[in-house]
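Participant: One structure, pasted below without further comment.
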Amino acid sequence: MTTPAGIAPRYRRLLEGGSLDRLRYAFRDMNRWMLLLWRTGLGRFAEVWPSGFGRILVIEHAGRRTGTRYRTPVNFTRCGPDLFCLAGFGPRTDWYRNVLAAPDIAVWLPDGRWTARAEDASHSPDRLAVLRRVIADSGFAGRVFGIDARVADDDALAEATASYRLLRICPIEREDAPGGPGDLAWVWWPVVAALGLRWWMGRRRSRRDRAG
């Protein structure tokens with residue numbers, strides 16, 4: 001079978017067997033590190049290089065059964081005042097199901113934490129055009145899956161992403177709340193102090209060695 005332009009052969013292999021589950025676990029582990037970057041104040045750089053690192057926001061959502069608060073980094077694109085993101089693992093994606101059950105959420109953006117309202121846009125008339133933008137703004141994540149939205153034609157892209165779910169997020173109000181982006185930014189002070197102390201001690205030792 002000929003693979004359409006923009007859809008790598010590995011994409012179909014990802015959908016077979018346990019490959020997709022292994023990829024889900026890999027992204028879950030990577031998201032822990034991404035969340036740590038946001039918490040240490042580096043989230044402001046989340047849109048510096050969309051074609052490389054992608055555009056990334058963090059969704060605060062409640063577990064649909066337990067009510068436990070979760071924070072999930074996802075790729076997104078901007079369309080006017082609205083934000084759009086994808087559930088690339090389809091309707092069984094946990095965070096997507098949580099958001100549908102409790103659509104009043106909060107999102108972390110480079111300029112701070114916002115209250116927001118989410119709604120499913122998977123059947124929107126402009127679904128494919130928006131979906132293409134989200135994948136393009138996902139940077140390396142889209143290429144890991146094997147989809148290059150810049151060159152795939154509409155038919156190939158629609159077939160490859162038939163199971164994807166599209167979510168529209170409407171930011172409402174910016175607010176400062178405990179536990180938001182940058183809540184661990186204080187860790188940089190002891191890190192800088194430790195590096196400065198090490199540099200100072202190194203210089204002092206070097207001078208003593210030269211004097212001796």
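Chain lettering (A, B, ...) mirrors the order of the structure tokens, residue numbering begins at 1 for each chain separately, and ligand numbering begins at 1 in order of display.
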Using only C-alpha atoms, which residues sit within 9 Å of A:Leu35 once same-chain residues fewer than 4 positions away are excluded, as a JSON list (two decimals) with C-alpha atoms, in the first residue's frame?
Facilitator:
[["chain", "number", "residue", "atom", "x", "y", "z"],
["A", 30, "MET", "CA", 7.55, 13.15, 29.27],
["A", 31, "ASN", "CA", 4.59, 15.21, 30.47],
["A", 39, "ARG", "CA", 6.24, 24.88, 37.68],
["A", 40, "THR", "CA", 9.82, 26.16, 37.77],
["A", 43, "GLY", "CA", 6.49, 27.96, 30.81],
["A", 58, "VAL", "CA", -1.26, 22.98, 30.75],
["A", 71, "ARG", "CA", -2.54, 19.00, 35.31],
["A", 72, "THR", "CA", -1.85, 17.83, 31.77],
["A", 73, "PRO", "CA", 0.47, 19.52, 29.23],
["A", 181, "PRO", "CA", 2.67, 28.19, 36.84]]
Participant: Run DSSP on the backbone and give me the residues of stretch 14-212 of chain A it puts in strand (DSSP E or B), as a ChimeraX atom specification.
Facilitator: /A:56-62,69-79,82-87,104-109,112-120,147,165-174
Participant: With C-alpha atoms retained, export the selected residues as an mmCIF file, in the first residue's frame.
Facilitator:
data_model
loop_
_atom_site.group_PDB
_atom_site.id
_atom_site.type_symbol
_atom_site.label_atom_id
_atom_site.label_comp_id
_atom_site.auth_asym_id
_atom_site.auth_seq_id
_atom_site.Cartn_x
_atom_site.Cartn_y
_atom_site.Cartn_z
ATOM 1 C CA ILE A 56 2.264 23.957 24.886
ATOM 2 C CA LEU A 57 -0.281 24.793 27.564
ATOM 3 C CA VAL A 58 -1.264 22.978 30.748
ATOM 4 C CA ILE A 59 -4.874 21.992 31.440
ATOM 5 C CA GLU A 60 -6.073 21.767 35.031
ATOM 6 C CA HIS A 61 -8.984 19.337 35.121
ATOM 7 C CA ALA A 62 -10.902 17.191 37.601
ATOM 8 C CA ARG A 69 -7.222 17.650 40.260
ATOM 9 C CA TYR A 70 -4.853 16.845 37.413
ATOM 10 C CA ARG A 71 -2.541 18.995 35.308
ATOM 11 C CA THR A 72 -1.847 17.833 31.772
ATOM 12 C CA PRO A 73 0.473 19.522 29.231
ATOM 13 C CA VAL A 74 -0.882 19.464 25.676
ATOM 14 C CA ASN A 75 -0.003 21.041 22.346
ATOM 15 C CA PHE A 76 -2.352 23.727 21.069
ATOM 16 C CA THR A 77 -2.927 26.411 18.473
ATOM 17 C CA ARG A 78 -4.559 29.821 18.650
ATOM 18 C CA CYS A 79 -7.538 30.763 16.483
ATOM 19 C CA ASP A 82 -9.941 30.576 21.282
ATOM 20 C CA LEU A 83 -7.413 27.823 21.875
ATOM 21 C CA PHE A 84 -7.622 24.379 20.275
ATOM 22 C CA CYS A 85 -5.911 21.157 21.284
ATOM 23 C CA LEU A 86 -6.084 17.511 20.261
ATOM 24 C CA ALA A 87 -6.680 14.243 22.024
ATOM 25 C CA ASP A 104 -15.003 24.373 33.647
ATOM 26 C CA ILE A 105 -11.222 24.170 33.714
ATOM 27 C CA ALA A 106 -8.107 26.289 34.113
ATOM 28 C CA VAL A 107 -5.231 26.576 31.672
ATOM 29 C CA TRP A 108 -1.626 27.645 32.110
ATOM 30 C CA LEU A 109 -0.420 29.924 29.335
ATOM 31 C CA GLY A 112 -0.258 33.099 33.489
ATOM 32 C CA ARG A 113 -3.154 30.973 34.707
ATOM 33 C CA TRP A 114 -6.617 31.465 33.200
ATOM 34 C CA THR A 115 -10.038 30.131 34.061
ATOM 35 C CA ALA A 116 -11.617 28.681 30.938
ATOM 36 C CA ARG A 117 -14.507 26.749 29.458
ATOM 37 C CA ALA A 118 -13.932 23.771 27.167
ATOM 38 C CA GLU A 119 -16.155 22.158 24.575
ATOM 39 C CA ASP A 120 -15.787 19.382 22.035
ATOM 40 C CA ILE A 147 2.249 13.083 10.465
ATOM 41 C CA ARG A 165 -10.758 14.536 19.117
ATOM 42 C CA LEU A 166 -10.606 18.318 18.828
ATOM 43 C CA LEU A 167 -11.203 20.495 21.875
ATOM 44 C CA ARG A 168 -11.972 24.214 21.900
ATOM 45 C CA ILE A 169 -10.890 26.156 25.000
ATOM 46 C CA CYS A 170 -12.289 29.618 25.662
ATOM 47 C CA PRO A 171 -10.172 31.549 28.203
ATOM 48 C CA ILE A 172 -12.306 33.637 30.535
ATOM 49 C CA GLU A 173 -10.240 35.457 33.145
ATOM 50 C CA ARG A 174 -6.650 35.565 34.211
#
Participant: How far is it from atom CA of A:Asp111 to atom CA of A:Phe53, in Å with one decimal?
Facilitator: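 A separation of 17.9 Å between them.
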Participant: What's the 8 Å shell around A:Gly41, counting only C-alpha atoms, without same-chain residues fewer than 5 positions away, as a list of chain:residue names?
Facilitator: A:Pro181, A:Gly182, A:Asp183, A:Leu184, A:Ala185
Participant: Enter the distance from atom CA of A:Ala141 to atom CA of A:Phe89, in Å, rounded to one decimal.
Facilitator: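 Taking atom CA of A:Ala141 and atom CA of A:Phe89, their separation equals 12.7 Å.
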Participant: Nearest to A:Gly88 among A:Gly142, A:Pro125, A:Pro103, A:Gly63, with distances taken over only C-alpha atoms: which residue is it?
Facilitator: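 For A:Gly88, the nearest of the given residues is A:Gly142.
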Participant: What does the structure give for the distance between atom CA of A:Asp153 and atom CA of A:Arg132, in Å to one decimal?
Facilitator: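 If I compute the distance from atom CA of A:Asp153 to atom CA of A:Arg132, I get 10.0 Å.
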